[in-house]
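**Q** This one is model09.txt, compact mmCIF, C-alpha atoms.
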```txt
# COMPACT_ATOMS: atom_id res chain seq x y z
CA MET A 1 131.68 47.04 23.00
CA ARG A 2 129.30 47.93 25.81
CA ALA A 3 126.53 46.06 24.03
CA GLU A 4 128.72 42.96 23.90
CA GLN A 5 129.50 43.27 27.64
CA ALA A 6 125.80 43.67 28.42
CA ALA A 7 124.95 40.63 26.31
CA TRP A 8 127.51 38.49 28.10
CA SER A 9 127.83 38.98 31.82
CA GLY A 10 129.78 35.86 32.56
CA PRO A 11 128.70 32.31 33.40
CA ALA A 12 125.16 31.82 34.73
CA ARG A 13 124.87 31.83 38.52
CA PRO A 14 123.99 28.35 39.82
CA PRO A 15 120.63 28.24 41.63
CA THR A 16 120.90 28.67 45.37
CA LEU A 17 119.09 26.55 47.96
CA ARG A 18 116.57 29.37 48.34
CA ASP A 19 115.93 29.42 44.57
CA ARG A 20 115.36 25.66 44.57
CA TRP A 21 113.02 25.89 47.58
CA GLN A 22 110.96 28.62 45.90
CA ALA A 23 110.77 26.64 42.66
CA PHE A 24 109.73 23.54 44.61
CA GLY A 25 107.01 25.53 46.41
CA LYS A 26 105.55 26.73 43.12
CA SER A 27 105.34 23.21 41.72
CA ALA A 28 101.90 22.46 40.28
CA ALA A 29 102.24 18.88 41.48
CA LEU A 30 102.72 20.06 45.07
CA ILE A 31 99.64 22.26 44.88
CA ARG A 32 97.63 19.34 43.50
CA ALA A 33 98.93 17.11 46.31
CA ALA A 34 97.79 19.66 48.91
CA ASP A 35 94.36 19.82 47.27
CA GLY A 36 94.14 16.04 47.18
CA LEU A 37 95.05 15.71 50.86
CA ALA A 38 92.42 18.31 51.77
CA GLY A 39 89.90 16.21 49.86
CA LEU A 40 91.00 13.12 51.79
CA ILE A 41 90.55 14.97 55.08
CA ALA A 42 87.02 15.90 54.06
CA ALA A 43 86.15 12.43 52.77
CA SER A 44 87.49 10.61 55.85
CA LEU A 45 86.03 12.94 58.48
CA PRO A 46 82.55 11.31 58.58
CA TRP A 47 84.10 7.88 59.11
CA SER A 48 87.12 8.23 61.37
CA THR A 49 89.12 10.37 63.78
CA THR A 50 92.51 8.76 63.12
CA ALA A 51 92.53 9.07 59.32
CA PRO A 52 91.72 12.82 59.24
CA SER A 53 94.43 13.46 61.85
CA ILE A 54 96.99 11.69 59.66
CA PHE A 55 95.88 13.52 56.51
CA ILE A 56 95.96 16.87 58.35
CA GLY A 57 99.58 16.28 59.34
CA LEU A 58 100.48 15.31 55.76
CA TRP A 59 98.62 18.36 54.41
CA LEU A 60 100.67 20.66 56.63
CA LEU A 61 103.91 19.05 55.41
CA VAL A 62 102.89 19.44 51.77
CA VAL A 63 101.36 22.93 51.94
CA THR A 64 104.17 24.57 53.95
CA PRO A 65 106.64 24.83 51.02
CA THR A 66 103.94 26.42 48.84
CA ILE A 67 103.38 29.39 51.17
CA ASP A 68 104.85 32.79 50.32
CA TRP A 69 105.37 33.83 53.93
CA ARG A 70 105.49 37.58 53.23
CA ASP A 71 102.23 37.41 51.32
CA TYR A 72 100.76 35.14 54.01
CA ALA A 73 101.74 37.57 56.78
CA ARG A 74 100.04 40.47 54.99
CA ASN A 75 96.73 38.63 55.26
CA PHE A 76 96.83 38.92 59.03
CA ALA A 77 95.54 42.45 58.74
CA GLN A 78 92.20 40.68 58.19
CA PRO A 79 90.39 39.56 61.39
CA ALA A 80 89.41 36.23 59.80
CA PHE A 81 93.11 35.33 59.66
CA ALA A 82 94.31 36.92 62.90
CA LEU A 83 91.60 36.01 65.42
CA PRO A 84 92.20 32.20 65.49
CA PHE A 85 95.83 32.90 66.46
CA ALA A 86 94.72 35.44 69.07
CA PHE A 87 92.39 32.83 70.54
CA LEU A 88 95.23 30.29 70.73
CA LEU A 89 97.52 32.82 72.42
CA LEU A 90 94.85 33.45 75.04
CA ALA A 91 94.57 29.70 75.66
CA LEU A 92 98.35 29.41 76.03
CA PHE A 93 98.62 32.32 78.45
CA GLY A 94 95.51 31.09 80.29
CA VAL A 95 97.55 28.12 81.51
CA LEU A 96 99.45 30.53 83.78
CA TRP A 97 96.47 31.52 85.96
CA SER A 98 94.51 28.27 85.73
CA ASP A 99 93.60 26.40 88.90
CA GLY A 100 93.05 23.15 87.03
CA ALA A 101 95.37 20.15 87.01
CA TRP A 102 98.25 20.40 84.56
CA VAL A 103 96.94 17.50 82.49
CA ASP A 104 93.62 19.36 82.14
CA ARG A 105 95.37 22.62 81.22
CA LEU A 106 97.42 21.02 78.45
CA HIS A 107 94.47 18.97 77.18
CA ALA A 108 92.34 22.14 76.88
CA ILE A 109 94.83 23.76 74.48
CA LYS A 110 94.32 21.10 71.80
CA PRO A 111 90.72 22.04 70.83
CA VAL A 112 91.76 25.67 70.36
CA ALA A 113 94.97 24.83 68.47
CA LYS A 114 93.12 23.37 65.48
CA LEU A 115 91.61 26.81 64.76
CA VAL A 116 94.98 28.13 63.54
CA LEU A 117 94.67 25.89 60.48
CA ILE A 118 91.87 28.15 59.26
CA PRO A 119 94.27 30.91 58.05
CA ALA A 120 96.42 28.35 56.23
CA LEU A 121 93.36 26.87 54.52
CA LEU A 122 92.04 30.33 53.64
CA TYR A 123 95.38 31.23 52.08
CA HIS A 124 95.77 27.97 50.16
CA PHE A 125 92.27 27.85 48.71
CA SER A 126 92.36 31.52 47.76
CA ARG A 127 94.99 30.33 45.23
CA SER A 128 93.67 26.85 44.41
CA GLU A 129 91.13 26.00 41.72
CA ARG A 130 89.93 22.84 43.47
CA GLY A 131 88.02 24.05 46.51
CA LEU A 132 84.76 22.62 45.20
CA TRP A 133 86.45 19.22 44.86
CA VAL A 134 87.00 19.18 48.62
CA CYS A 135 83.35 20.10 49.25
CA ALA A 136 82.21 17.41 46.81
CA ALA A 137 84.42 14.82 48.56
CA PHE A 138 82.70 15.54 51.88
CA LEU A 139 79.25 15.51 50.28
CA LEU A 140 79.77 12.19 48.50
CA SER A 141 81.25 10.62 51.62
CA CYS A 142 78.24 11.71 53.68
CA ALA A 143 75.84 10.43 51.00
CA LEU A 144 77.49 7.01 51.24
CA LEU A 145 77.17 7.16 55.02
CA ALA A 146 73.46 8.03 54.69
CA VAL A 147 72.88 4.97 52.50
CA LEU A 148 74.75 2.80 55.00
CA SER A 149 72.71 4.25 57.87
CA TRP A 150 69.55 2.79 56.33
CA ILE A 151 71.29 -0.54 55.79
CA VAL A 152 72.51 -0.87 59.39
CA LEU A 153 69.08 0.16 60.67
CA LEU A 154 67.66 -2.93 58.98
CA ASP A 155 70.70 -5.14 59.61
CA PRO A 156 73.01 -4.01 62.46
CA ALA A 157 75.60 -6.61 61.42
CA TRP A 158 76.72 -4.12 58.76
CA LYS A 159 77.92 -1.65 61.40
CA ILE A 160 81.57 -0.77 60.94
CA THR A 161 82.12 -0.07 64.64
CA ALA A 162 80.07 -0.74 67.75
CA THR A 163 77.81 2.29 68.23
CA ALA A 164 75.18 3.08 70.84
CA SER A 165 72.44 3.95 68.33
CA ALA A 166 70.61 1.96 65.69
CA GLY A 167 71.18 3.30 62.19
CA VAL A 168 74.58 4.77 63.04
CA PRO A 169 77.39 2.83 61.26
CA VAL A 170 80.28 4.76 62.86
CA LYS A 171 80.88 7.33 65.60
CA ASN A 172 77.58 8.62 67.04
CA TYR A 173 74.20 10.04 66.04
CA ILE A 174 75.20 13.62 66.94
CA ASP A 175 78.11 13.72 64.49
CA GLN A 176 76.03 11.99 61.83
CA SER A 177 73.18 14.49 62.23
CA GLN A 178 75.51 17.48 61.91
CA GLU A 179 76.99 16.09 58.70
CA PHE A 180 73.60 15.40 57.13
CA THR A 181 72.20 18.80 58.13
CA LEU A 182 75.18 20.58 56.59
CA CYS A 183 74.98 18.60 53.35
CA ALA A 184 71.22 19.00 53.03
CA PHE A 185 71.42 22.80 53.23
CA VAL A 186 74.50 23.08 51.05
CA LEU A 187 72.62 21.16 48.34
CA ALA A 188 69.59 23.44 48.64
CA LEU A 189 71.22 26.26 46.69
CA PRO A 190 72.39 24.16 43.69
CA ALA A 191 68.92 22.60 43.55
CA LEU A 192 67.37 26.06 43.47
CA THR A 193 69.84 27.34 40.87
CA PHE A 194 69.42 24.34 38.58
CA GLY A 195 65.65 24.62 38.90
CA ARG A 196 65.67 28.31 37.93
CA ASN A 197 67.88 27.50 34.94
CA GLY A 198 65.55 24.74 33.76
CA ASN A 199 68.04 21.90 34.32
CA THR A 200 65.56 19.24 35.36
CA VAL A 201 68.01 16.33 35.66
CA ALA A 202 70.48 18.16 37.89
CA THR A 203 67.63 19.51 40.02
CA ALA A 204 66.20 16.01 40.48
CA ILE A 205 69.60 14.62 41.49
CA CYS A 206 70.14 17.35 44.09
CA LEU A 207 66.65 16.88 45.51
CA ALA A 208 67.04 13.09 45.64
CA VAL A 209 70.33 13.29 47.56
CA ASN A 210 68.83 15.97 49.79
CA LEU A 211 65.86 13.71 50.51
CA LEU A 212 68.28 10.91 51.43
CA PHE A 213 69.81 13.09 54.16
CA VAL A 214 66.48 14.41 55.45
CA THR A 215 64.76 11.02 55.66
CA SER A 216 67.76 9.53 57.45
CA MET A 217 67.47 12.25 60.09
CA VAL A 218 63.69 11.85 60.42
CA PHE A 219 63.45 8.05 60.51
CA VAL A 220 66.92 6.70 61.38
CA ALA A 221 68.91 8.87 63.79
CA SER A 222 68.83 12.53 64.68
CA ALA A 223 70.22 14.93 67.26
CA ARG A 224 67.74 17.46 68.61
CA THR A 225 70.29 20.25 68.17
CA ALA A 226 70.27 19.43 64.46
CA LEU A 227 66.49 19.92 64.39
CA LEU A 228 66.89 23.35 65.99
CA CYS A 229 69.60 24.26 63.49
CA THR A 230 67.36 23.10 60.63
CA ALA A 231 64.69 25.63 61.60
CA VAL A 232 67.26 28.45 61.77
CA LEU A 233 68.87 27.58 58.44
CA LEU A 234 65.49 27.26 56.68
CA ALA A 235 64.63 30.82 57.73
CA LEU A 236 68.04 32.12 56.63
CA PHE A 237 67.86 30.29 53.29
CA ALA A 238 64.54 31.94 52.56
CA TRP A 239 65.89 35.35 53.61
CA LYS A 240 68.99 35.12 51.42
CA HIS A 241 67.75 33.34 48.32
CA LEU A 242 63.96 33.35 48.00
CA SER A 243 61.31 35.85 47.04
CA ARG A 244 58.34 36.49 49.31
CA ARG A 245 56.12 34.18 47.29
CA ALA A 246 58.73 31.41 47.27
CA THR A 247 59.20 31.87 51.03
CA LEU A 248 55.50 31.31 51.61
CA LEU A 249 55.63 28.17 49.47
CA LEU A 250 58.64 26.95 51.45
CA LEU A 251 56.82 27.61 54.71
CA ALA A 252 53.78 25.70 53.55
CA GLY A 253 55.92 22.82 52.32
CA THR A 254 57.86 22.74 55.59
CA LEU A 255 54.70 22.63 57.66
CA ALA A 256 53.26 19.85 55.51
CA GLY A 257 56.52 17.89 55.61
CA SER A 258 56.77 18.32 59.39
CA LEU A 259 53.24 17.03 59.83
CA VAL A 260 53.99 13.98 57.68
CA ALA A 261 57.25 13.34 59.59
CA TRP A 262 55.51 13.67 62.96
CA THR A 263 52.70 11.28 62.07
CA THR A 264 54.88 8.67 60.33
CA SER A 265 58.06 8.65 62.43
CA SER A 266 57.67 7.24 65.93
CA TYR A 267 61.40 7.78 66.37
CA LEU A 268 61.10 11.53 65.78
CA ARG A 269 58.14 11.84 68.15
CA GLN A 270 60.03 10.03 70.88
CA ARG A 271 63.13 12.21 70.45
CA ILE A 272 61.08 15.38 70.93
CA THR A 273 58.76 14.20 73.71
CA ASP A 274 61.73 12.81 75.65
CA VAL A 275 62.80 16.39 76.41
CA ALA A 276 60.07 16.75 79.05
CA VAL A 277 60.71 13.25 80.41
CA GLU A 278 64.44 13.94 80.78
CA TYR A 279 63.75 17.17 82.60
CA ARG A 280 61.26 15.65 85.06
CA HIS A 281 63.15 12.47 85.89
CA GLY A 282 66.74 13.57 85.40
CA ARG A 283 67.56 13.76 89.09
CA GLU A 284 66.28 10.25 89.77
CA ASP A 285 67.69 8.51 86.68
CA ILE A 286 70.90 10.09 85.37
CA SER A 287 70.88 7.75 82.36
CA ARG A 288 67.84 9.70 81.07
CA ALA A 289 68.99 13.15 82.16
CA SER A 290 70.12 14.86 78.98
CA THR A 291 67.92 17.94 79.42
CA ALA A 292 68.34 18.13 83.21
CA GLN A 293 72.10 17.64 82.83
CA ARG A 294 72.46 20.60 80.51
CA LEU A 295 70.49 22.88 82.83
CA THR A 296 72.60 21.78 85.81
CA TYR A 297 75.85 22.26 83.89
CA TRP A 298 74.79 25.73 82.76
CA ARG A 299 73.86 26.79 86.30
CA LYS A 300 77.22 25.67 87.70
CA ALA A 301 79.12 27.25 84.79
CA LEU A 302 77.33 30.58 85.29
CA TYR A 303 78.31 30.59 88.97
CA ALA A 304 81.92 29.88 88.01
CA PHE A 305 81.88 32.67 85.43
CA ALA A 306 80.47 35.13 87.98
CA GLU A 307 83.42 34.39 90.30
CA ALA A 308 86.00 35.42 87.65
CA PRO A 309 84.19 37.40 84.95
CA LEU A 310 87.12 39.26 83.36
CA ILE A 311 89.75 36.62 82.53
CA GLY A 312 88.09 33.46 83.86
CA HIS A 313 89.64 30.66 85.86
CA GLY A 314 92.21 29.79 83.20
CA THR A 315 92.75 27.14 80.54
CA GLY A 316 91.50 23.69 81.53
CA SER A 317 89.80 24.88 84.73
CA ILE A 318 86.25 23.64 84.06
CA LYS A 319 86.66 20.26 85.75
CA ARG A 320 88.10 21.93 88.85
CA GLN A 321 85.13 24.33 89.04
CA PHE A 322 82.66 21.44 88.80
CA GLU A 323 84.53 19.60 91.54
CA ARG A 324 84.11 22.63 93.79
CA ALA A 325 80.39 22.91 92.93
CA ALA A 326 79.61 19.20 93.40
CA THR A 327 77.10 18.37 96.13
CA GLY A 328 75.61 15.17 97.47
CA GLU A 329 71.99 16.17 96.92
CA SER A 330 71.64 13.91 93.88
CA ARG A 331 73.78 12.03 91.38
CA LEU A 332 73.21 14.87 88.94
CA ASP A 333 74.43 17.55 91.36
CA ALA A 334 77.48 15.43 92.19
CA GLU A 335 78.45 14.91 88.54
CA ILE A 336 81.85 16.32 87.54
CA VAL A 337 82.49 17.13 83.86
CA SER A 338 84.94 19.11 81.74
CA ASN A 339 82.34 20.35 79.27
CA PRO A 340 79.28 22.44 80.22
CA HIS A 341 77.68 21.68 76.81
CA ASN A 342 77.51 25.32 75.79
CA GLN A 343 80.33 26.92 73.82
CA THR A 344 79.81 30.37 75.33
CA LEU A 345 79.95 29.03 78.90
CA ASN A 346 82.88 26.78 78.03
CA VAL A 347 84.87 29.84 77.00
CA ALA A 348 83.50 32.10 79.76
CA VAL A 349 84.56 29.80 82.60
CA GLN A 350 88.10 29.50 81.26
CA TRP A 351 88.83 32.98 79.86
CA GLY A 352 85.99 35.24 80.99
CA LEU A 353 84.83 38.25 79.01
CA LEU A 354 88.15 38.41 77.18
CA GLY A 355 87.55 34.95 75.74
CA LEU A 356 83.95 35.75 74.86
CA ILE A 357 85.01 38.85 72.94
CA LEU A 358 87.51 36.80 70.93
CA ILE A 359 85.22 33.88 70.09
CA TYR A 360 82.29 36.08 69.04
CA ALA A 361 84.60 38.36 67.07
CA MET A 362 85.95 35.28 65.27
CA TRP A 363 82.48 33.97 64.44
CA ILE A 364 81.48 37.40 63.10
CA ALA A 365 84.71 37.82 61.11
CA HIS A 366 84.24 34.43 59.48
CA LEU A 367 80.57 35.11 58.79
CA ARG A 368 81.54 38.33 57.01
CA LEU A 369 83.63 36.31 54.56
CA PHE A 370 80.40 34.85 53.20
CA ALA A 371 78.27 37.86 52.36
CA GLY A 372 78.01 36.97 48.66
CA LYS A 373 75.37 34.98 46.80
CA GLU A 374 77.65 32.40 45.13
CA LEU A 375 77.83 28.74 46.20
CA ALA A 376 81.09 29.11 48.15
CA ALA A 377 79.59 31.94 50.20
CA TRP A 378 76.49 29.85 50.94
CA ILE A 379 78.59 26.84 52.02
CA GLY A 380 80.65 28.95 54.41
CA PHE A 381 77.56 30.74 55.69
CA VAL A 382 75.87 27.43 56.54
CA VAL A 383 79.03 26.14 58.26
CA VAL A 384 79.33 29.20 60.53
CA VAL A 385 75.61 29.44 61.34
CA GLN A 386 75.40 25.71 62.06
CA ASN A 387 78.38 25.84 64.40
CA PHE A 388 77.09 28.90 66.24
CA THR A 389 73.52 27.58 66.59
CA ASN A 390 74.56 24.14 67.78
CA SER A 391 77.08 25.70 70.15
CA LEU A 392 74.15 27.08 72.13
CA LEU A 393 73.50 23.51 73.30
CA ASN A 394 76.97 21.99 72.91
CA SER A 395 80.63 23.00 72.79
CA HIS A 396 80.86 22.12 69.12
CA LEU A 397 83.73 24.41 68.23
CA PHE A 398 85.92 22.45 70.66
CA ASP A 399 84.56 18.98 69.81
CA PHE A 400 86.75 16.99 67.42
CA HIS A 401 84.27 16.21 64.68
CA GLU A 402 82.19 19.39 64.63
CA GLY A 403 85.27 21.52 65.26
CA TRP A 404 87.05 20.12 62.22
CA MET A 405 83.90 20.55 60.14
CA TYR A 406 84.09 24.23 61.06
CA VAL A 407 87.84 24.54 60.38
CA LEU A 408 87.66 22.77 57.04
CA GLY A 409 84.40 24.40 55.95
CA VAL A 410 85.44 27.97 56.79
CA GLY A 411 88.96 27.44 55.44
CA VAL A 412 88.00 25.93 52.08
CA ALA A 413 84.83 27.94 51.39
CA GLY A 414 86.43 31.11 52.77
CA GLY A 415 89.42 30.69 50.47
CA MET A 416 87.08 30.27 47.50
CA ALA A 417 85.15 33.39 48.56
CA LEU A 418 88.37 35.40 48.88
CA LYS A 419 89.41 34.23 45.42
CA THR A 420 86.09 35.41 43.98
CA LYS A 421 86.45 38.81 45.67
CA ALA A 422 90.01 39.17 44.32
CA LYS A 423 88.77 38.51 40.79
CA ARG A 424 86.06 41.15 41.14
CA ARG A 425 88.44 43.94 42.19
CA PRO A 426 90.23 44.31 38.82
CA ALA A 427 86.89 44.22 37.02
CA ALA A 428 85.58 46.98 39.32
CA ARG A 429 88.69 49.10 38.65
CA LEU A 430 88.27 48.65 34.88
CA SER A 431 84.63 49.72 35.05
CA ASP A 432 85.68 52.87 36.92
```
Just dump the structure as structure tokens.
**A**
Amino acid sequence: MRAEQAAWSGPARPPTLRDRWQAFGKSAALIRAADGLAGLIAASLPWSTTAPSIFIGLWLLVVTPTIDWRDYARNFAQPAFALPFAFLLLALFGVLWSDGAWVDRLHAIKPVAKLVLIPALLYHFSRSERGLWVCAAFLLSCALLAVLSWIVLLDPAWKITATASAGVPVKNYIDQSQEFTLCAFVLALPALTFGRNGNTVATAICLAVNLLFVTSMVFVASARTALLCTAVLLALFAWKHLSRRATLLLLAGTLAGSLVAWTTSSYLRQRITDVAVEYRHGREDISRASTAQRLTYWRKALYAFAEAPLIGHGTGSIKRQFERAATGESRLDAEIVSNPHNQTLNVAVQWGLLGLILIYAMWIAHLRLFAGKELAAWIGFVVVVQNFTNSLLNSHLFDFHEGWMYVLGVGVAGGMALKTKAKRRPAARLSD
């Protein structure tokens, strides 16, 4: 009798709204849609600002139902998840003590707000199997842009939008250089791996695409910050992946390649020699003052930081500080900007030492995600190092294009790295 009662407990309970929501969130189609939208963000980023913004909004709508919020909240014990939110909270509270105009205060929150998508991307791609698809979408999109850069150099009529530089189809040469640098170094590891495994065809393809990016930077359009980053990443690539003998070969090849580039590319020579010209004549001709401008911005930003070293002048206060420091000695000294072209000083003026602790802690926490030797770890490592290095001469974490490269790169590659670590833990327990 009891067995019969246990076997039949009455009519089945109809699914509740919560049950339906959970089932909807676990839908494989929804996960695929989120992966596809992430790929569209990556593919559209080199070409547009509007399209990625739209795809980001759609991605948030699609990914939200797939999140197990209890599981997601547990991840915030990890600094890589928590620190972007801590940074945003500081920016929000910094509005209260800012001496900047309200429009400047609210505008300064936006560059920080995008960082909170990193935890969501980390969480999603720690479950997804398609992280490499997103990376491939960005790589292929940049390769197409590199081909077009050569075309518009020869025939500017092919430009998609009006740009200030020859050989730049869309946006500007700084964004284009950052994309090509990232792709060139990401491809370096697959080329090395395929070469060690004897896969000649795959190695040749990787090297050919890599050469496309490098030659475009040498002969078509290049930012000098990208050249600095290239030197740093070359040294780190050798340290992480090459033997001593291979490092010496790389050094010799780099020196030979640099000599060839210097002697054959008048564009590259001009970009480098212009540094001294810009420094000497910056105060007389502000249109050729890139180097002198940076030095002037840094000096003014350091003075502003010294006035409020602990918590800074508040969110959106940089323009106000430059207004106070403006003098009539020259056009350069009178210039008022909202960006000191140095990420550290950008943060220091607004939030002081507290902000500096948070931003450097975040960079370190994200870098620690990528300690492994696999491709995902190398991709994330390059993204973080590139952003940090270039942020010495720019505020790239807060810039739209470079900032989203960081968010997407750390989020996708970091999720893949977390997935790899999670797979290793059961294997380690079994071996014990």
**Q** Compile the contact shell of Gly314 of chain A as a ChimeraX atom specification: residues with an atom at most 10 Å away, counting all atoms listed in the file, same-chain residues fewer than 3 positions apart removed.
**A** /A:90-100,105,108,308,311,317-318,347-352
**Q** Could you list, as a PDB file with C-alpha atoms, in the frame of the given file, every residue within 10 Å of Ala188 of chain A, counting all atoms listed in the file and ignoring same-chain residues fewer than 4 positions away?
**A**
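Resulting contents of out19.pdb:
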```pdb
ATOM      1  CA  CYS A 183      74.980  18.600  53.350  1.00  0.00           C
ATOM      2  CA  ALA A 184      71.220  19.000  53.030  1.00  0.00           C
ATOM      3  CA  LEU A 192      67.370  26.060  43.470  1.00  0.00           C
ATOM      4  CA  THR A 193      69.840  27.340  40.870  1.00  0.00           C
ATOM      5  CA  THR A 203      67.630  19.510  40.020  1.00  0.00           C
ATOM      6  CA  CYS A 206      70.140  17.350  44.090  1.00  0.00           C
ATOM      7  CA  LEU A 207      66.650  16.880  45.510  1.00  0.00           C
ATOM      8  CA  ASN A 210      68.830  15.970  49.790  1.00  0.00           C
ATOM      9  CA  LEU A 234      65.490  27.260  56.680  1.00  0.00           C
ATOM     10  CA  PHE A 237      67.860  30.290  53.290  1.00  0.00           C
ATOM     11  CA  TRP A 378      76.490  29.850  50.940  1.00  0.00           C
TER      12      TRP A 378
END
```
**Q** One decimal, in Å: what's the spacing between atom CA of Leu40 of chain A and atom CA of Arg127 of chain A?
**A**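 So the answer is 18.8 Å.
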**Q** Counting only C-alpha atoms, which residue out of A:Leu89, A:Leu418, A:Ala221, A:Val337 sits closest to Arg324 of chain A?
**A** A:Val337
**Q** In terms of the shortest atom-to-atom distance over only C-alpha atoms, which of A:Val220, A:Val410, A:Ile336, A:Ala208 is closest to Leu367 of chain A?
**A**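 The answer is A:Val410, which sits nearest to Leu367 of chain A.
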**Q** Return the single residue from A:Ala371, A:Val147, A:Ile118, A:Leu310 that is closest to Ile357 of chain A, with distances computed using all atoms listed in the file.
**A**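 Checking each of A:Ala371, A:Val147, A:Ile118, A:Leu310 against Ile357 of chain A, counting all atoms listed in the file, the winner is A:Leu310.
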**Q** Work out how far atom CA of Leu88 of chain A is from atom CA of Phe305 of chain A, in Å to one decimal.
**A** 20.0 Å
**Q** One number please: atom CA of Val116 of chain A to atom CA of Phe81 of chain A, in Å, one decimal.
**A** 8.4 Å
**Q** List the residues sitting within 10 Å of (74.8, 11.5, 69.8) in the file's frame, using all atoms listed in the file, as a PyMOL selection string.
**A** chain A and resi 163-165+168+171-178+221-225
**Q** Sorted by chain and rising residue number, list the residues of segment 224-244 of chain A at most 12 Å from segment 384-390 of chain A (counting only C-alpha atoms), each with its closest atom pair and distance in Å to one decimal, as a tab-separated table.
**A**
```
residue	atom	partner	partner_atom	distance
A:Arg224	CA	A:Asn390	CA	9.6
A:Thr225	CA	A:Asn390	CA	5.8
A:Ala226	CA	A:Asn390	CA	7.2
A:Leu227	CA	A:Asn390	CA	9.7
A:Leu228	CA	A:Thr389	CA	7.9
A:Cys229	CA	A:Thr389	CA	6.0
A:Thr230	CA	A:Gln386	CA	8.6
A:Ala231	CA	A:Thr389	CA	10.3
A:Val232	CA	A:Thr389	CA	7.9
A:Leu233	CA	A:Val385	CA	7.6
A:Leu234	CA	A:Val385	CA	11.4
A:Ala235	CA	A:Val385	CA	11.6
A:Leu236	CA	A:Val385	CA	9.3
A:Phe237	CA	A:Val385	CA	11.2
```
**Q** So which residues are close to (71.0, 16.8, 51.2), meaning at most 10 Å away in the file's coordinates with all atoms listed in the file counted, and can you show them as a PDB file with C-alpha atoms, in the coordinates of the input?
**A**
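After the write, part_30.pdb holds the following:
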```pdb
ATOM      1  CA  LEU A 139      79.250  15.510  50.280  1.00  0.00           C
ATOM      2  CA  CYS A 142      78.240  11.710  53.680  1.00  0.00           C
ATOM      3  CA  ALA A 143      75.840  10.430  51.000  1.00  0.00           C
ATOM      4  CA  ALA A 146      73.460   8.030  54.690  1.00  0.00           C
ATOM      5  CA  GLU A 179      76.990  16.090  58.700  1.00  0.00           C
ATOM      6  CA  PHE A 180      73.600  15.400  57.130  1.00  0.00           C
ATOM      7  CA  THR A 181      72.200  18.800  58.130  1.00  0.00           C
ATOM      8  CA  LEU A 182      75.180  20.580  56.590  1.00  0.00           C
ATOM      9  CA  CYS A 183      74.980  18.600  53.350  1.00  0.00           C
ATOM     10  CA  ALA A 184      71.220  19.000  53.030  1.00  0.00           C
ATOM     11  CA  PHE A 185      71.420  22.800  53.230  1.00  0.00           C
ATOM     12  CA  VAL A 186      74.500  23.080  51.050  1.00  0.00           C
ATOM     13  CA  LEU A 187      72.620  21.160  48.340  1.00  0.00           C
ATOM     14  CA  ALA A 188      69.590  23.440  48.640  1.00  0.00           C
ATOM     15  CA  ALA A 191      68.920  22.600  43.550  1.00  0.00           C
ATOM     16  CA  CYS A 206      70.140  17.350  44.090  1.00  0.00           C
ATOM     17  CA  LEU A 207      66.650  16.880  45.510  1.00  0.00           C
ATOM     18  CA  ALA A 208      67.040  13.090  45.640  1.00  0.00           C
ATOM     19  CA  VAL A 209      70.330  13.290  47.560  1.00  0.00           C
ATOM     20  CA  ASN A 210      68.830  15.970  49.790  1.00  0.00           C
ATOM     21  CA  LEU A 211      65.860  13.710  50.510  1.00  0.00           C
ATOM     22  CA  LEU A 212      68.280  10.910  51.430  1.00  0.00           C
ATOM     23  CA  PHE A 213      69.810  13.090  54.160  1.00  0.00           C
ATOM     24  CA  VAL A 214      66.480  14.410  55.450  1.00  0.00           C
ATOM     25  CA  THR A 215      64.760  11.020  55.660  1.00  0.00           C
TER      26      THR A 215
END
```
**Q** Within 10 Å of Leu345 of chain A, counting all atoms listed in the file, which residues show up once you throw out same-chain ones fewer than 6 positions away? Write them as a PyMOL selection string, please.
**A** chain A and resi 297-302+304-305+318+339+351-352+356+391-392+394-395
**Q** Rank A:Cys135, A:Ala80, A:Leu295, A:Leu353 by their smallest atom-to-atom distance to Leu122 of chain A, using only C-alpha atoms, and report the top residue only.
**A** A:Ala80
**Q** In terms of the shortest atom-to-atom distance over only C-alpha atoms, which of A:Ala101, A:Gly380, A:Ala162, A:Ala204 is closest to Gln321 of chain A?
**A**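 Of all the options, A:Ala101 lies closest to Gln321 of chain A.
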**Q** Excluding Ile359 of chain A and any residue of its chain fewer than 3 positions from it, enumerate the residues within 9 Å of it, using only C-alpha atoms, and give them as number ranges by chain.
**A** A: 83-84, 87, 344, 347, 354-356, 362-364
**Q** Draw an axis-aligned box tight on the listed atoms of segment 197-202 of chain A, then pad every side by 3 Å and write out centre and edge lengths in Å to one decimal as JSON.
**A**
```
{"center_x": 68.0, "center_y": 21.9, "center_z": 35.8, "size_x": 10.9, "size_y": 17.2, "size_z": 10.1}
```
**Q** For Trp133 of chain A, list every protein, DNA or RNA residue within 9 Å, evaluated using all atoms listed in the file, and leave out those in the same chain fewer than 5 positions away; present the list as a count of residues only.
**A** 4
**Q** Using only C-alpha atoms, can you tell me which of A:Ala113, A:Ala377, A:Val383, A:Ala28 comes closest to Glu402 of chain A?
**A**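 When distances to Glu402 of chain A are compared using only C-alpha atoms, the smallest one comes from A:Val383.
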